[in-house]
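For reference, work-v6.cif (mmCIF, C-alpha atoms):
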data_target
#
loop_
_atom_site.group_PDB
_atom_site.id
_atom_site.type_symbol
_atom_site.label_atom_id
_atom_site.label_comp_id
_atom_site.auth_asym_id
_atom_site.auth_seq_id
_atom_site.Cartn_x
_atom_site.Cartn_y
_atom_site.Cartn_z
ATOM 1 C CA MET A 1 45.626 36.802 -3.221
ATOM 2 C CA LYS A 2 43.691 33.841 -4.683
ATOM 3 C CA ASN A 3 42.167 33.018 -1.279
ATOM 4 C CA LYS A 4 40.860 36.573 -0.835
ATOM 5 C CA ARG A 5 39.388 36.537 -4.329
ATOM 6 C CA ARG A 6 37.787 33.118 -3.785
ATOM 7 C CA LYS A 7 36.287 34.284 -0.474
ATOM 8 C CA PHE A 8 34.925 37.443 -2.098
ATOM 9 C CA LEU A 9 33.310 35.490 -4.966
ATOM 10 C CA LYS A 10 31.802 32.992 -2.555
ATOM 11 C CA ASN A 11 30.257 35.729 -0.401
ATOM 12 C CA ALA A 12 29.147 37.778 -3.389
ATOM 13 C CA GLY A 13 27.539 34.723 -4.992
ATOM 14 C CA SER A 14 25.564 33.963 -1.820
ATOM 15 C CA THR A 15 24.399 37.553 -1.572
ATOM 16 C CA ALA A 16 23.356 37.614 -5.236
ATOM 17 C CA LEU A 17 21.421 34.347 -4.832
ATOM 18 C CA PHE A 18 19.645 35.654 -1.749
ATOM 19 C CA ALA A 19 18.748 38.909 -3.506
ATOM 20 C CA SER A 20 17.468 37.192 -6.643
ATOM 21 C CA LEU A 21 15.322 34.622 -4.833
ATOM 22 C CA GLY A 22 14.084 36.956 -2.153
ATOM 23 C CA SER A 23 13.957 36.455 1.569
ATOM 24 C CA SER A 24 10.514 34.810 1.516
ATOM 25 C CA PHE A 25 12.000 31.727 -0.173
ATOM 26 C CA PHE A 26 14.464 31.171 2.649
ATOM 27 C CA LEU A 27 12.047 32.010 5.424
ATOM 28 C CA SER A 28 9.342 29.661 4.155
ATOM 29 C CA CYS A 29 11.479 26.544 4.582
ATOM 30 C CA ASP A 30 11.323 24.860 7.966
ATOM 31 C CA ASP A 31 12.384 21.543 9.451
ATOM 32 C CA THR A 32 9.065 20.339 10.795
ATOM 33 C CA GLU A 33 8.238 16.735 11.471
ATOM 34 C CA ASP A 34 5.945 16.782 8.437
ATOM 35 C CA VAL A 35 8.986 17.129 6.196
ATOM 36 C CA ILE A 36 10.974 14.256 7.675
ATOM 37 C CA ASN A 37 8.258 11.775 8.603
ATOM 38 C CA PRO A 38 7.312 9.680 5.544
ATOM 39 C CA ASP A 39 4.264 8.199 7.277
ATOM 40 C CA ASP A 40 2.468 11.552 7.283
ATOM 41 C CA ASN A 41 2.220 11.504 3.496
ATOM 42 C CA ASN A 42 0.643 8.069 3.292
ATOM 43 C CA GLU A 43 -1.392 8.205 6.494
ATOM 44 C CA ASN A 44 0.580 5.340 8.060
ATOM 45 C CA ASN A 45 -0.151 3.102 5.090
ATOM 46 C CA SER A 46 2.268 0.211 5.365
ATOM 47 C CA SER A 47 2.256 -0.795 1.710
ATOM 48 C CA GLY A 48 5.734 0.623 1.239
ATOM 49 C CA ASN A 49 7.534 0.173 4.528
ATOM 50 C CA GLY A 50 5.955 -2.853 6.237
ATOM 51 C CA PHE A 51 4.868 -1.120 9.436
ATOM 52 C CA THR A 52 2.353 1.356 10.792
ATOM 53 C CA VAL A 53 2.504 3.569 13.855
ATOM 54 C CA ASP A 54 -0.426 4.595 16.020
ATOM 55 C CA GLY A 55 0.811 6.602 18.995
ATOM 56 C CA ASN A 56 3.325 4.335 20.697
ATOM 57 C CA ILE A 57 2.093 1.142 18.990
ATOM 58 C CA TYR A 58 4.038 -0.266 16.025
ATOM 59 C CA THR A 59 2.314 -2.869 13.885
ATOM 60 C CA ILE A 60 4.857 -4.749 11.796
ATOM 61 C CA GLU A 61 4.134 -7.069 8.870
ATOM 62 C CA LEU A 62 6.558 -9.987 9.131
ATOM 63 C CA ASP A 63 5.814 -10.964 5.513
ATOM 64 C CA HIS A 64 7.242 -7.642 4.317
ATOM 65 C CA PRO A 65 10.787 -8.004 2.891
ATOM 66 C CA SER A 66 12.132 -5.474 5.409
ATOM 67 C CA PHE A 67 10.991 -7.629 8.342
ATOM 68 C CA SER A 68 10.871 -11.196 7.005
ATOM 69 C CA ILE A 69 14.180 -12.078 8.703
ATOM 70 C CA LEU A 70 12.282 -11.977 11.992
ATOM 71 C CA LYS A 71 10.244 -15.024 10.980
ATOM 72 C CA SER A 72 13.274 -17.277 11.591
ATOM 73 C CA THR A 73 14.733 -18.207 14.971
ATOM 74 C CA GLY A 74 17.865 -16.127 15.507
ATOM 75 C CA GLY A 75 16.762 -13.510 12.985
ATOM 76 C CA TRP A 76 17.293 -9.993 14.247
ATOM 77 C CA LEU A 77 16.862 -6.468 12.987
ATOM 78 C CA LEU A 78 18.061 -2.999 13.871
ATOM 79 C CA PHE A 79 14.812 -1.125 13.218
ATOM 80 C CA ASN A 80 16.020 2.489 13.235
ATOM 81 C CA GLU A 81 12.672 4.006 12.208
ATOM 82 C CA GLY A 82 11.115 2.549 15.354
ATOM 83 C CA GLY A 83 14.162 3.100 17.546
ATOM 84 C CA MET A 84 14.419 -0.572 18.414
ATOM 85 C CA LEU A 85 16.255 -3.856 18.205
ATOM 86 C CA LEU A 86 14.085 -6.859 17.326
ATOM 87 C CA VAL A 87 15.073 -10.519 17.682
ATOM 88 C CA ASN A 88 13.306 -13.847 17.162
ATOM 89 C CA VAL A 89 14.313 -16.039 20.119
ATOM 90 C CA GLY A 90 12.347 -19.084 18.968
ATOM 91 C CA GLN A 91 8.946 -20.639 19.629
ATOM 92 C CA ASP A 92 7.217 -17.699 17.885
ATOM 93 C CA VAL A 93 8.645 -15.230 20.436
ATOM 94 C CA ILE A 94 10.055 -11.941 19.194
ATOM 95 C CA ARG A 95 11.595 -9.556 21.694
ATOM 96 C CA ALA A 96 11.929 -5.792 21.283
ATOM 97 C CA PHE A 97 14.362 -3.392 22.927
ATOM 98 C CA SER A 98 15.349 0.231 22.596
ATOM 99 C CA ASN A 99 18.258 0.592 20.180
ATOM 100 C CA SER A 100 19.753 3.247 22.472
ATOM 101 C CA CYS A 101 22.678 1.758 24.363
ATOM 102 C CA PRO A 102 22.419 2.649 28.061
ATOM 103 C CA HIS A 103 26.118 3.559 28.114
ATOM 104 C CA ALA A 104 26.376 6.434 25.640
ATOM 105 C CA GLY A 105 23.128 6.365 23.658
ATOM 106 C CA CYS A 106 24.619 4.859 20.485
ATOM 107 C CA ARG A 107 21.752 3.736 18.255
ATOM 108 C CA SER A 108 23.074 2.458 14.950
ATOM 109 C CA SER A 109 26.105 0.317 15.802
ATOM 110 C CA TRP A 110 24.763 -3.086 16.797
ATOM 111 C CA LYS A 111 25.583 -6.670 15.949
ATOM 112 C CA TYR A 112 24.009 -9.916 17.100
ATOM 113 C CA SER A 113 25.695 -13.293 17.512
ATOM 114 C CA ASN A 114 25.624 -16.218 19.945
ATOM 115 C CA ASP A 115 22.317 -14.957 21.398
ATOM 116 C CA ASN A 116 23.929 -11.643 22.394
ATOM 117 C CA PHE A 117 23.632 -8.063 21.207
ATOM 118 C CA THR A 118 26.852 -6.047 21.100
ATOM 119 C CA CYS A 119 26.893 -2.285 20.892
ATOM 120 C CA THR A 120 29.965 -1.763 18.767
ATOM 121 C CA CYS A 121 30.426 1.846 19.895
ATOM 122 C CA HIS A 122 32.056 0.721 23.160
ATOM 123 C CA THR A 123 31.521 -3.101 23.179
ATOM 124 C CA SER A 124 28.752 -3.384 25.755
ATOM 125 C CA ILE A 125 27.157 -6.846 25.504
ATOM 126 C CA PHE A 126 23.549 -7.812 26.310
ATOM 127 C CA THR A 127 21.705 -11.152 26.168
ATOM 128 C CA ASN A 128 18.696 -11.589 23.915
ATOM 129 C CA ASP A 129 16.475 -10.880 26.909
ATOM 130 C CA GLY A 130 18.171 -7.469 27.318
ATOM 131 C CA THR A 131 20.297 -8.332 30.354
ATOM 132 C CA LEU A 132 23.695 -6.641 30.580
ATOM 133 C CA VAL A 133 26.570 -9.127 30.279
ATOM 134 C CA SER A 134 29.502 -6.715 30.184
ATOM 135 C CA GLY A 135 30.268 -3.241 29.122
ATOM 136 C CA PRO A 136 30.974 0.080 30.032
ATOM 137 C CA ALA A 137 27.135 0.118 30.130
ATOM 138 C CA ASN A 138 25.839 -0.304 33.664
ATOM 139 C CA SER A 139 22.225 -1.285 33.040
ATOM 140 C CA ASP A 140 20.082 -3.581 30.902
ATOM 141 C CA LEU A 141 18.506 -2.600 27.594
ATOM 142 C CA ASP A 142 15.089 -0.953 27.862
ATOM 143 C CA SER A 143 12.572 -3.529 26.697
ATOM 144 C CA PHE A 144 9.242 -3.072 24.948
ATOM 145 C CA THR A 145 6.156 -5.280 24.952
ATOM 146 C CA ALA A 146 6.046 -7.344 21.771
ATOM 147 C CA THR A 147 3.281 -9.744 20.774
ATOM 148 C CA ARG A 148 3.100 -11.887 17.676
ATOM 149 C CA ASP A 149 -0.112 -12.993 16.003
ATOM 150 C CA ASN A 150 0.803 -15.129 13.007
ATOM 151 C CA ASP A 151 2.730 -12.749 10.729
ATOM 152 C CA ILE A 152 1.848 -9.540 12.554
ATOM 153 C CA LEU A 153 4.110 -8.203 15.287
ATOM 154 C CA THR A 154 2.769 -5.516 17.615
ATOM 155 C CA VAL A 155 5.268 -3.544 19.709
ATOM 156 C CA SER A 156 4.329 -1.035 22.421
ATOM 157 C CA THR A 157 7.124 1.418 23.124
#
Go through the file and emit its structure as structure tokens.
Amino acid sequence: MKNKRRKFLKNAGSTALFASLGSSFFLSCDDTEDVINPDDNNENNSSGNGFTVDGNIYTIELDHPSFSILKSTGGWLLFNEGGMLLVNVGQDVIRAFSNSCPHAGCRSSWKYSNDNFTCTCHTSIFTNDGTLVSGPANSDLDSFTATRDNDILTVST
């Protein structure tokens, strides 16, 4: 009996809310890119996030706290906003790869050690030049062009 009553109150409450707010409230909300993309509000101003995007070009400020780890050899970063893995391999060279594992498309489960990336979803391993070492993955990581000019990193995806 309690379950039927609870279900009735839940449905009645939803109906009452809908009626009191009107259908225009619910129909005016949409999930456009404008809502979820923070760069649209600040016109790609990097003062808050340390990077700007212009088409498929990411300009990253290595002095920004979010990216400063990349200034050191062996420093790496899972840069989800850009869909990439970044790693400093030494001699002012930073490499960039897609963070989508070629095996199953996992994007957020990565670790880096001994000059290798490991996708922890299914333990595929890649060198820091993107070459497949082992896996269930059967291909290398997709790489992007990355150039460093002092403390500015430019990545073309």
Practice task
Enumerate, as a ChimeraX atom specification, the residues matched when the PyMOL selection byres ((chain A and resi 122) around 10) is run on the file above.
Solution key: /A:101,103-104,106,109,118-121,123-125,135-137
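Counting all atoms listed in the file and comparing A:Trp110, A:Phe79, A:Phe126, A:Tyr58, the residue that lies closest to A:Ala146 is A:Tyr58.
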Handout entry: Residue neighbourhood A:Asp129, 10 Å, all atoms listed in the file, exclusion window fewer than 5 positions, as a list in words
Key = Val87, Val89, Arg95, Ala96, Phe97, Asp115, Asn116, Phe117, Asp140, Leu141 and Ser143 of chain A
Handout entry: Picked residues, the PyMOL selection byres ((chain A and resi 94) around 10), as an NGL selection string
Key = :A and (70-76 or 86-93 or 95-96 or 128 or 145-148 or 153-155)
Write to file, as an mmCIF file, in the coordinates of the input, the residues of the selection just made, with C-alpha atoms.
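Okay, this is what ended up in result.cif:
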data_model
loop_
_atom_site.group_PDB
_atom_site.id
_atom_site.type_symbol
_atom_site.label_atom_id
_atom_site.label_comp_id
_atom_site.auth_asym_id
_atom_site.auth_seq_id
_atom_site.Cartn_x
_atom_site.Cartn_y
_atom_site.Cartn_z
ATOM 1 C CA LEU A 70 12.282 -11.977 11.992
ATOM 2 C CA LYS A 71 10.244 -15.024 10.980
ATOM 3 C CA SER A 72 13.274 -17.277 11.591
ATOM 4 C CA THR A 73 14.733 -18.207 14.971
ATOM 5 C CA GLY A 74 17.865 -16.127 15.507
ATOM 6 C CA GLY A 75 16.762 -13.510 12.985
ATOM 7 C CA TRP A 76 17.293 -9.993 14.247
ATOM 8 C CA LEU A 86 14.085 -6.859 17.326
ATOM 9 C CA VAL A 87 15.073 -10.519 17.682
ATOM 10 C CA ASN A 88 13.306 -13.847 17.162
ATOM 11 C CA VAL A 89 14.313 -16.039 20.119
ATOM 12 C CA GLY A 90 12.347 -19.084 18.968
ATOM 13 C CA GLN A 91 8.946 -20.639 19.629
ATOM 14 C CA ASP A 92 7.217 -17.699 17.885
ATOM 15 C CA VAL A 93 8.645 -15.230 20.436
ATOM 16 C CA ARG A 95 11.595 -9.556 21.694
ATOM 17 C CA ALA A 96 11.929 -5.792 21.283
ATOM 18 C CA ASN A 128 18.696 -11.589 23.915
ATOM 19 C CA THR A 145 6.156 -5.280 24.952
ATOM 20 C CA ALA A 146 6.046 -7.344 21.771
ATOM 21 C CA THR A 147 3.281 -9.744 20.774
ATOM 22 C CA ARG A 148 3.100 -11.887 17.676
ATOM 23 C CA LEU A 153 4.110 -8.203 15.287
ATOM 24 C CA THR A 154 2.769 -5.516 17.615
ATOM 25 C CA VAL A 155 5.268 -3.544 19.709
#
Problem - Atom pair atom CA of A:Ile152 / atom CA of A:Leu77: separation (Å) - result: 15.3 Å
Find the axis-aligned box for stretch 126-138 of chain A, covering all its listed atoms and adding 6 Å on each side, and write its centre and edge lengths in Å to one decimal as JSON.
{"center_x": 23.7, "center_y": -5.7, "center_z": 28.8, "size_x": 26.5, "size_y": 23.7, "size_z": 21.7}
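Residues within 8 Å of A:Ser66, counting all atoms listed in the file and excluding same-chain residues fewer than 2 positions away, are A:Asn49, A:Gly50, A:His64, A:Ser68, A:Ile69.
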Could the residues in this selection be written to a file with C-alpha atoms, as a compact mmCIF listing (two decimals), keeping the file's coordinate frame?
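What follows is the written file out-v7.txt:
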# COMPACT_ATOMS: atom_id res chain seq x y z
CA ASN A 49 7.53 0.17 4.53
CA GLY A 50 5.96 -2.85 6.24
CA HIS A 64 7.24 -7.64 4.32
CA SER A 68 10.87 -11.20 7.00
CA ILE A 69 14.18 -12.08 8.70
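One finds atom CA of A:Met84 at 13.5 Å from atom CA of A:Tyr112.
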